file coords-v3.cif (mmCIF, C-alpha atoms and all ligand atoms)
data_run
loop_
_atom_site.label_atom_id
_atom_site.label_comp_id
_atom_site.auth_asym_id
_atom_site.auth_seq_id
_atom_site.Cartn_x
_atom_site.Cartn_y
_atom_site.Cartn_z
CA MET G 246 -4.88 -15.87 -7.55
CA THR G 247 -7.91 -15.50 -5.34
CA GLY G 248 -9.95 -12.45 -6.22
CA PRO G 249 -12.07 -10.68 -8.78
CA MET G 250 -9.22 -8.83 -10.52
CA GLN G 251 -7.00 -10.45 -13.11
CA SER G 252 -3.97 -9.19 -11.23
CA VAL G 253 -3.33 -6.93 -8.23
CA GLU G 254 -1.79 -4.44 -10.68
CA GLN G 255 -5.32 -3.62 -11.82
CA TRP G 256 -5.86 -1.91 -8.49
CA ASP G 257 -2.66 0.16 -8.86
CA GLU G 258 -3.73 1.22 -12.36
CA PHE G 259 -7.19 2.17 -11.10
CA VAL G 260 -5.70 4.44 -8.41
CA ALA G 261 -3.29 6.05 -10.88
CA GLY G 262 -6.29 6.77 -13.12
CA ARG G 263 -8.20 8.31 -10.23
CA TYR G 264 -5.37 10.69 -9.46
CA GLN G 265 -4.24 11.40 -12.99
CA PRO G 266 -2.46 14.79 -12.99
CA GLY G 267 -4.58 17.60 -14.40
CA LYS G 268 -7.76 15.58 -14.21
CA GLU G 269 -10.79 17.81 -13.59
CA LYS G 270 -13.10 17.23 -10.63
CA GLU G 271 -15.98 16.42 -13.00
CA GLN G 272 -13.92 13.80 -14.75
CA PHE G 273 -12.87 12.49 -11.37
CA ARG G 274 -16.48 11.68 -10.58
CA ASN G 275 -16.56 9.40 -13.58
CA TYR G 276 -13.90 7.09 -12.24
CA ARG G 277 -16.55 4.70 -11.03
CA ALA G 278 -17.89 4.30 -14.52
CA GLU G 279 -14.39 3.73 -15.81
CA ALA G 280 -13.65 1.14 -13.16
CA ASN G 281 -13.88 -2.29 -14.60
CA PRO G 282 -16.25 -4.71 -12.89
CA GLY G 283 -13.36 -6.64 -11.36
CA VAL G 284 -12.07 -3.55 -9.54
CA THR G 285 -15.56 -2.60 -8.34
CA GLU G 286 -16.17 -6.11 -7.04
CA PHE G 287 -12.76 -6.02 -5.41
CA TYR G 288 -13.71 -2.87 -3.45
CA ARG G 289 -17.07 -4.37 -2.53
CA GLN G 290 -15.25 -7.27 -0.87
CA ASN G 291 -12.52 -5.11 0.67
CA HIS G 292 -14.93 -2.65 2.28
CA ALA G 293 -17.30 -5.34 3.54
CA LEU G 294 -14.68 -7.67 4.98
CA GLN G 295 -11.94 -5.46 6.47
CA THR G 296 -13.27 -5.35 10.02
CA MET G 297 -11.60 -4.70 13.35
CA ASP G 298 -11.75 -8.43 14.16
CA PHE G 299 -10.20 -9.33 10.82
CA VAL G 300 -7.35 -6.84 11.24
CA LEU G 301 -6.54 -8.08 14.75
CA ALA G 302 -6.57 -11.68 13.53
CA LYS G 303 -4.20 -10.90 10.64
CA LYS G 304 -1.85 -8.94 12.89
CA ALA G 305 -1.70 -11.92 15.24
CA GLU G 306 -1.18 -14.31 12.33
CA PHE G 307 1.56 -12.35 10.56
CA GLY G 308 3.03 -10.40 13.46
CA PRO G 309 5.69 -12.92 14.46
CA HIS G 310 6.87 -13.25 10.82
CA ARG G 311 7.73 -16.89 10.76
CA ARG G 312 6.72 -17.91 7.28
CA ALA G 313 9.93 -17.24 5.43
CA SER G 314 13.46 -15.98 5.72
CA MET G 315 14.42 -13.93 2.68
CA GLY G 316 16.76 -11.13 1.72
CA ILE G 317 15.30 -8.08 -0.02
CA TRP G 318 16.50 -9.03 -3.50
CA GLU G 319 15.24 -12.55 -3.00
CA ALA G 320 11.84 -11.19 -1.96
CA MET G 321 11.77 -9.05 -5.12
CA GLU G 322 12.41 -12.10 -7.28
CA TYR G 323 9.84 -14.08 -5.32
CA LEU G 324 7.25 -11.34 -5.76
CA ASN G 325 7.97 -11.32 -9.48
CA THR G 326 6.60 -14.86 -9.71
CA LEU G 327 3.19 -13.23 -9.09
CA VAL G 328 3.29 -11.95 -12.65
CA ASP G 329 1.23 -12.42 -14.59
CA GLU G 330 -1.62 -14.50 -15.85
CA SER G 331 -3.18 -11.72 -17.81
CA ASP G 332 -1.03 -9.54 -19.94
CA PRO G 333 2.66 -10.37 -19.90
CA ASP G 334 3.55 -8.08 -22.80
CA THR G 335 2.15 -4.79 -21.63
CA ASP G 336 2.03 -5.18 -17.87
CA LEU G 337 5.16 -4.27 -16.00
CA SER G 338 6.36 -6.91 -13.68
CA GLN G 339 6.36 -6.17 -9.97
CA ILE G 340 10.15 -5.87 -9.91
CA GLU G 341 10.02 -3.29 -12.69
CA HIS G 342 7.46 -1.20 -10.81
CA LEU G 343 9.72 -1.24 -7.75
CA MET G 344 12.77 -0.30 -9.82
CA GLN G 345 10.99 2.44 -11.73
CA THR G 346 9.75 3.94 -8.48
CA ALA G 347 13.23 3.79 -6.94
CA GLU G 348 14.97 5.08 -10.08
CA ALA G 349 12.61 8.06 -10.34
CA ILE G 350 13.34 8.94 -6.70
CA ARG G 351 17.08 8.55 -7.32
CA ARG G 352 16.93 10.73 -10.46
CA ASP G 353 15.41 13.55 -8.41
CA GLY G 354 18.29 13.45 -5.95
CA HIS G 355 16.37 12.32 -2.88
CA PRO G 356 18.11 10.59 0.07
CA ARG G 357 19.31 7.02 -0.34
CA TRP G 358 16.85 5.70 2.24
CA MET G 359 13.99 7.13 0.15
CA VAL G 360 15.31 5.37 -2.95
CA LEU G 361 15.31 2.21 -0.86
CA ALA G 362 11.76 2.87 0.32
CA GLY G 363 10.78 3.02 -3.36
CA LEU G 364 12.50 -0.29 -3.98
CA VAL G 365 10.75 -2.19 -1.20
CA HIS G 366 7.40 -0.45 -0.82
CA ASP G 367 5.29 -3.15 -2.49
CA LEU G 368 7.13 -6.24 -1.27
CA GLY G 369 4.28 -6.87 1.17
CA LYS G 370 2.37 -8.15 -1.86
CA VAL G 371 4.11 -11.47 -1.28
CA LEU G 372 1.02 -12.05 0.89
CA CYS G 373 -0.73 -12.92 -2.39
CA LEU G 374 1.71 -15.76 -2.91
CA TRP G 375 0.77 -17.20 0.45
CA GLY G 376 -2.86 -17.50 -0.53
CA GLU G 377 -4.21 -14.25 0.89
CA PRO G 378 -7.14 -12.90 -1.14
CA GLN G 379 -6.69 -9.68 -3.10
CA TRP G 380 -8.99 -7.71 -0.78
CA ALA G 381 -6.60 -8.49 2.11
CA VAL G 382 -3.44 -7.45 0.25
CA VAL G 383 -4.13 -4.36 -1.86
CA GLY G 384 -6.69 -1.55 -1.95
CA ASP G 385 -6.93 1.87 -0.34
CA THR G 386 -6.26 1.45 3.36
CA PHE G 387 -8.33 3.06 6.11
CA PRO G 388 -8.62 3.00 9.92
CA VAL G 389 -10.77 0.32 11.52
CA GLY G 390 -12.37 0.71 14.95
CA CYS G 391 -13.91 4.08 14.10
CA ALA G 392 -16.27 5.51 11.47
CA HIS G 393 -15.35 5.14 7.80
CA SER G 394 -14.76 8.49 6.13
CA ASP G 395 -16.90 9.31 3.11
CA ARG G 396 -13.63 10.40 1.49
CA ILE G 397 -12.62 6.76 1.09
CA VAL G 398 -13.28 5.54 -2.44
CA PHE G 399 -16.64 3.70 -2.83
CA PRO G 400 -17.83 4.67 0.68
CA GLU G 401 -21.26 3.15 0.06
CA PHE G 402 -19.73 -0.33 0.16
CA PHE G 403 -19.07 0.09 3.89
CA GLU G 404 -22.78 -0.42 4.50
CA ALA G 405 -22.08 -4.16 4.23
CA ASN G 406 -19.30 -4.00 6.82
CA PRO G 407 -20.55 -5.14 10.27
CA ASP G 408 -18.37 -2.50 11.97
CA SER G 409 -20.54 0.18 10.33
CA HIS G 410 -23.34 -0.97 12.64
CA HIS G 411 -21.22 -1.49 15.75
CA PRO G 412 -22.14 0.85 18.66
CA VAL G 413 -18.53 2.01 19.16
CA TYR G 414 -16.72 1.34 15.86
CA SER G 415 -19.34 3.31 13.94
CA THR G 416 -18.66 6.55 15.86
CA GLU G 417 -16.31 9.29 14.69
CA TYR G 418 -13.54 8.44 17.17
CA GLY G 419 -14.54 4.84 17.87
CA ILE G 420 -12.01 3.23 20.20
CA TYR G 421 -9.52 6.07 19.79
CA GLU G 422 -8.78 9.32 21.61
CA PRO G 423 -8.77 12.59 19.67
CA ASN G 424 -5.39 13.12 17.96
CA CYS G 425 -4.03 9.95 19.54
CA GLY G 426 -1.56 9.47 16.70
CA LEU G 427 -1.76 6.96 13.84
CA ASP G 428 0.59 4.53 15.54
CA LYS G 429 -2.27 3.75 17.93
CA VAL G 430 -4.75 3.35 15.07
CA HIS G 431 -5.37 -0.03 13.45
CA MET G 432 -5.38 0.25 9.67
CA SER G 433 -7.13 -2.14 7.30
CA TRP G 434 -4.79 -5.09 6.70
CA GLY G 435 -2.68 -5.36 3.58
CA HIS G 436 0.71 -5.10 1.93
CA ASP G 437 1.43 -1.67 3.48
CA GLU G 438 1.21 -2.73 7.13
CA PHE G 439 2.99 -6.00 6.39
CA ILE G 440 6.08 -4.49 4.71
CA TYR G 441 6.20 -1.86 7.45
CA GLN G 442 6.28 -4.58 10.12
CA VAL G 443 8.96 -6.58 8.31
CA THR G 444 11.32 -3.65 7.64
CA ARG G 445 10.57 -1.06 10.32
CA GLU G 446 13.59 -1.56 12.55
CA HIS G 447 16.00 -0.99 9.67
CA LEU G 448 14.60 2.18 8.11
CA PRO G 449 14.44 5.83 9.19
CA GLU G 450 11.06 7.07 10.38
CA PRO G 451 10.01 8.92 7.20
CA ALA G 452 10.61 5.73 5.20
CA GLN G 453 8.53 3.77 7.70
CA TYR G 454 5.66 6.21 7.15
CA MET G 455 6.03 5.95 3.37
CA LEU G 456 5.71 2.17 3.51
CA ARG G 457 2.99 1.99 6.12
CA TYR G 458 0.65 4.64 4.70
CA HIS G 459 1.32 4.71 0.97
CA SER G 460 -2.20 3.37 0.20
CA PHE G 461 -3.94 5.58 2.79
CA TYR G 462 -5.32 7.86 0.05
CA ALA G 463 -8.20 9.15 2.20
CA ALA G 464 -5.56 10.82 4.39
CA HIS G 465 -2.63 11.73 2.16
CA ARG G 466 -4.71 12.77 -0.87
CA GLU G 467 -8.11 13.66 0.58
CA GLY G 468 -7.18 15.09 3.99
CA ALA G 469 -9.44 12.79 6.03
CA TYR G 470 -8.68 11.48 9.53
CA ASP G 471 -6.81 14.54 10.71
CA HIS G 472 -8.74 14.12 13.98
CA LEU G 473 -6.72 10.96 14.71
CA MET G 474 -3.34 12.40 13.75
CA ASN G 475 -0.85 14.06 16.04
CA ASP G 476 1.74 16.65 15.02
CA ARG G 477 4.34 13.96 14.32
CA ASP G 478 1.98 12.29 11.83
CA ARG G 479 1.29 15.60 10.11
CA GLU G 480 4.99 16.26 9.77
CA MET G 481 5.70 12.75 8.50
CA PHE G 482 2.81 12.83 6.04
CA SER G 483 4.66 15.46 4.04
CA TRP G 484 7.08 12.60 3.28
CA VAL G 485 4.20 10.25 2.43
CA ARG G 486 2.87 12.87 0.01
CA LEU G 487 6.33 13.37 -1.50
CA PHE G 488 6.56 9.64 -2.07
CA ASN G 489 3.13 9.04 -3.60
CA PRO G 490 3.69 10.49 -7.11
CA TYR G 491 6.72 8.24 -7.59
CA ASP G 492 4.52 5.25 -6.84
CA LEU G 493 1.68 6.42 -9.09
CA TYR G 494 3.41 8.04 -12.04
CA SER G 495 6.85 6.49 -12.48
CA LYS G 496 5.70 3.94 -15.02
CA GLY G 497 7.58 4.78 -18.18
CA ALA G 498 8.02 3.32 -21.61
CA ASP G 499 11.62 2.40 -20.89
CA ARG G 500 11.75 -0.73 -18.84
CA PRO G 501 14.52 -0.78 -16.27
CA ASP G 502 17.27 -3.32 -16.76
CA ALA G 503 17.04 -5.13 -13.44
CA GLN G 504 20.28 -7.05 -13.85
CA ALA G 505 22.27 -3.94 -14.86
CA LEU G 506 20.91 -2.02 -11.87
CA ARG G 507 21.39 -4.89 -9.46
CA PRO G 508 24.90 -3.97 -8.17
CA TYR G 509 23.76 -0.46 -7.19
CA TYR G 510 20.70 -1.80 -5.40
CA GLU G 511 22.50 -4.69 -3.71
CA ASP G 512 24.85 -2.07 -2.19
CA LEU G 513 21.93 0.07 -1.12
CA ILE G 514 20.09 -2.89 0.38
CA ALA G 515 23.23 -3.97 2.30
CA GLU G 516 23.62 -0.46 3.69
CA TYR G 517 20.34 -0.76 5.62
CA PHE G 518 19.26 -4.39 5.80
CA PRO G 519 20.74 -7.64 7.10
CA ALA G 520 21.25 -10.43 4.54
CA GLN G 521 18.05 -12.13 5.70
CA LEU G 522 14.80 -10.77 7.04
CA ALA G 523 11.96 -12.65 8.75
CA TRP G 524 8.74 -12.41 6.69
FE FE R 1 1.55 -0.46 -2.82
FE FE R 2 3.52 0.65 -5.73
#

call {"tool": "encode", "arguments": {"input": "coords-v3.cif", "output": "structure tokens"}}
result
Amino acid sequence: MTGPMQSVEQWDEFVAGRYQPGKEKEQFRNYRAEANPGVTEFYRQNHALQTMDFVLAKKAEFGPHRRASMGIWEAMEYLNTLVDESDPDTDLSQIEHLMQTAEAIRRDGHPRWMVLAGLVHDLGKVLCLWGEPQWAVVGDTFPVGCAHSDRIVFPEFFEANPDSHHPVYSTEYGIYEPNCGLDKVHMSWGHDEFIYQVTREHLPEPAQYMLRYHSFYAAHREGAYDHLMNDRDREMFSWVRLFNPYDLYSKGADRPDAQALRPYYEDLIAEYFPAQLAW
């Protein structure tokens, strides 16, 4: 895998550590020290290289989705082949993370489409299997084409991003109108935007928001970028915030039995998705 982390799960674990429930603000400031060098180097690359030009190029490259035709379950099994050079005994496989997220949502009695959002939310990480570097697949996402908020983790690394010195992209609103709505805003490229593009026409709007913005921590956790949101975004972000703890904290000691759960999830998948999707 191309990147400074041993696996993309290291990024997920880093974020969960940052937002550990009950963690004090002072402890929170220490997260940088706790970050291992691989994660820090990963953010250095991500923040320097996710530019407006890069995002537009990736949207053009992956927009038409012609790499693969796969059903959802097939994509889950394919993603599972990403696991795991590093730590096969303790690390949960990708499929288990998806199932634990979905099962925790199901246990709390949320709508079926939200359970399904939990099941598919990280399938965009198949980008890793097609040779995309880690910095272009995972990481906190943020708008491009306007100034980087200092509420994005490791904001100092944006100094190395050429857009930070661009006459328009470096301004508060950049290329955008005030409260234009996030649908008009280009986000840094990664697994969130990709899975949103692949699944959008089959899922209700709150699920689309959950998939598209689940790594947009500067907004859903830190309250940044309200000046680009419209009222629809603000309403929908209550769903994104409802979703986030299931993504971060559903890792449990009991590993889900994927084969036992498969009939339930195959039914759920068939309720919303065609047998094959274009990826
Ligand atoms: Fe994710
Ligand atoms: Fe996740």

call {"tool": "residues_around", "arguments": {"input": "coords-v3.cif", "residues": "region 445-455 of chain G", "least_positions_apart": "2", "cutoff": "9 Å", "atoms": "only C-alpha atoms", "output": "JSON, numbers by chain"}}
result
{"G": [358, 359, 361, 362, 363, 366, 437, 440, 441, 442, 443, 457, 458, 459, 478, 481, 482, 484, 485, 486, 487, 488, 489, 517, 518, 519]}

call {"tool": "closest_atom_pairs", "arguments": {"input": "coords-v3.cif", "of": "chain G", "to": "ligand FE 2 (chain R)", "cutoff": "7 Å", "atoms": "only C-alpha atoms and all ligand atoms", "output": "JSON lines"}}
result
{"residue": "G:Asp257", "atom": "CA", "partner": "R:FE2", "partner_atom": "FE", "distance": 6.9}
{"residue": "G:His342", "atom": "CA", "partner": "R:FE2", "partner_atom": "FE", "distance": 6.7}
{"residue": "G:Leu343", "atom": "CA", "partner": "R:FE2", "partner_atom": "FE", "distance": 6.8}
{"residue": "G:His366", "atom": "CA", "partner": "R:FE2", "partner_atom": "FE", "distance": 6.4}
{"residue": "G:Asp367", "atom": "CA", "partner": "R:FE2", "partner_atom": "FE", "distance": 5.3}
{"residue": "G:Asp492", "atom": "CA", "partner": "R:FE2", "partner_atom": "FE", "distance": 4.8}
{"residue": "G:Leu493", "atom": "CA", "partner": "R:FE2", "partner_atom": "FE", "distance": 6.9}

call {"tool": "closest_residue", "arguments": {"input": "coords-v3.cif", "among": "G:Ser415, G:Ser394, G:Ser314, G:Thr296", "to": "His472 (chain G)", "atoms": "all atoms listed in the file"}}
result
G:Ser394

call {"tool": "atom_distance", "arguments": {"input": "coords-v3.cif", "atom1": "CA of Val260 (chain G)", "atom2": "CA of Val284 (chain G)"}}
result
10.3 Å

call {"tool": "atom_distance", "arguments": {"input": "coords-v3.cif", "atom1": "CA of Gln504 (chain G)", "atom2": "CA of Ser460 (chain G)"}}
result
28.5 Å

call {"tool": "residues_near_point", "arguments": {"input": "coords-v3.cif", "point": "(-1.8, -10.3, 13.3)", "cutoff": "12 Å", "atoms": "all atoms listed in the file", "output": "MDAnalysis selection string"}}
result
chainID G and resid 297:311 431:435 438:439 442

call {"tool": "closest_residue", "arguments": {"input": "coords-v3.cif", "among": "G:Leu506, G:Ala523, G:Ala320, G:Val371", "to": "ligand FE 1 (chain R)", "atoms": "only C-alpha atoms and all ligand atoms"}}
result
G:Val371

call {"tool": "atom_distance", "arguments": {"input": "coords-v3.cif", "atom1": "CA of Thr444 (chain G)", "atom2": "CA of Leu427 (chain G)"}}
result
17.9 Å

call {"tool": "residues_near_point", "arguments": {"input": "coords-v3.cif", "point": "(-11.8, -5.3, -9.4)", "cutoff": "10 Å", "atoms": "only C-alpha atoms", "output": "list of chain:residue names"}}
result
G:Gly248, G:Pro249, G:Met250, G:Gln251, G:Ser252, G:Val253, G:Gln255, G:Trp256, G:Phe259, G:Ala280, G:Asn281, G:Pro282, G:Gly283, G:Val284, G:Thr285, G:Glu286, G:Phe287, G:Tyr288, G:Arg289, G:Gln290, G:Gln379, G:Trp380, G:Gly384

call {"tool": "write_last_selection", "arguments": {"input": "coords-v3.cif", "atoms": "C-alpha atoms", "output": "short mmCIF file (atom, residue, chain, number, x, y, z; two decimals), keeping the file's coordinate frame"}}
result
data_model
loop_
_atom_site.label_atom_id
_atom_site.label_comp_id
_atom_site.auth_asym_id
_atom_site.auth_seq_id
_atom_site.Cartn_x
_atom_site.Cartn_y
_atom_site.Cartn_z
CA GLY G 248 -9.95 -12.45 -6.22
CA PRO G 249 -12.07 -10.68 -8.78
CA MET G 250 -9.22 -8.83 -10.52
CA GLN G 251 -7.00 -10.45 -13.11
CA SER G 252 -3.97 -9.19 -11.23
CA VAL G 253 -3.33 -6.93 -8.23
CA GLN G 255 -5.32 -3.62 -11.82
CA TRP G 256 -5.86 -1.91 -8.49
CA PHE G 259 -7.19 2.17 -11.10
CA ALA G 280 -13.65 1.14 -13.16
CA ASN G 281 -13.88 -2.29 -14.60
CA PRO G 282 -16.25 -4.71 -12.89
CA GLY G 283 -13.36 -6.64 -11.36
CA VAL G 284 -12.07 -3.55 -9.54
CA THR G 285 -15.56 -2.60 -8.34
CA GLU G 286 -16.17 -6.11 -7.04
CA PHE G 287 -12.76 -6.02 -5.41
CA TYR G 288 -13.71 -2.87 -3.45
CA ARG G 289 -17.07 -4.37 -2.53
CA GLN G 290 -15.25 -7.27 -0.87
CA GLN G 379 -6.69 -9.68 -3.10
CA TRP G 380 -8.99 -7.71 -0.78
CA GLY G 384 -6.69 -1.55 -1.95
#

call {"tool": "closest_residue", "arguments": {"input": "coords-v3.cif", "among": "G:Arg477, G:Ala520, G:Gln295, G:Thr386", "to": "Ala405 (chain G)", "atoms": "all atoms listed in the file"}}
result
G:Gln295

call {"tool": "closest_residue", "arguments": {"input": "coords-v3.cif", "among": "G:Glu279, G:Leu522, G:Pro400, G:Leu374", "to": "Gly262 (chain G)", "atoms": "all atoms listed in the file"}}
result
G:Glu279

call {"tool": "closest_residue", "arguments": {"input": "coords-v3.cif", "among": "G:Ala463, G:Leu368, G:Cys391, G:Ile397", "to": "ligand FE 1 (chain R)", "atoms": "only C-alpha atoms and all ligand atoms"}}
result
G:Leu368
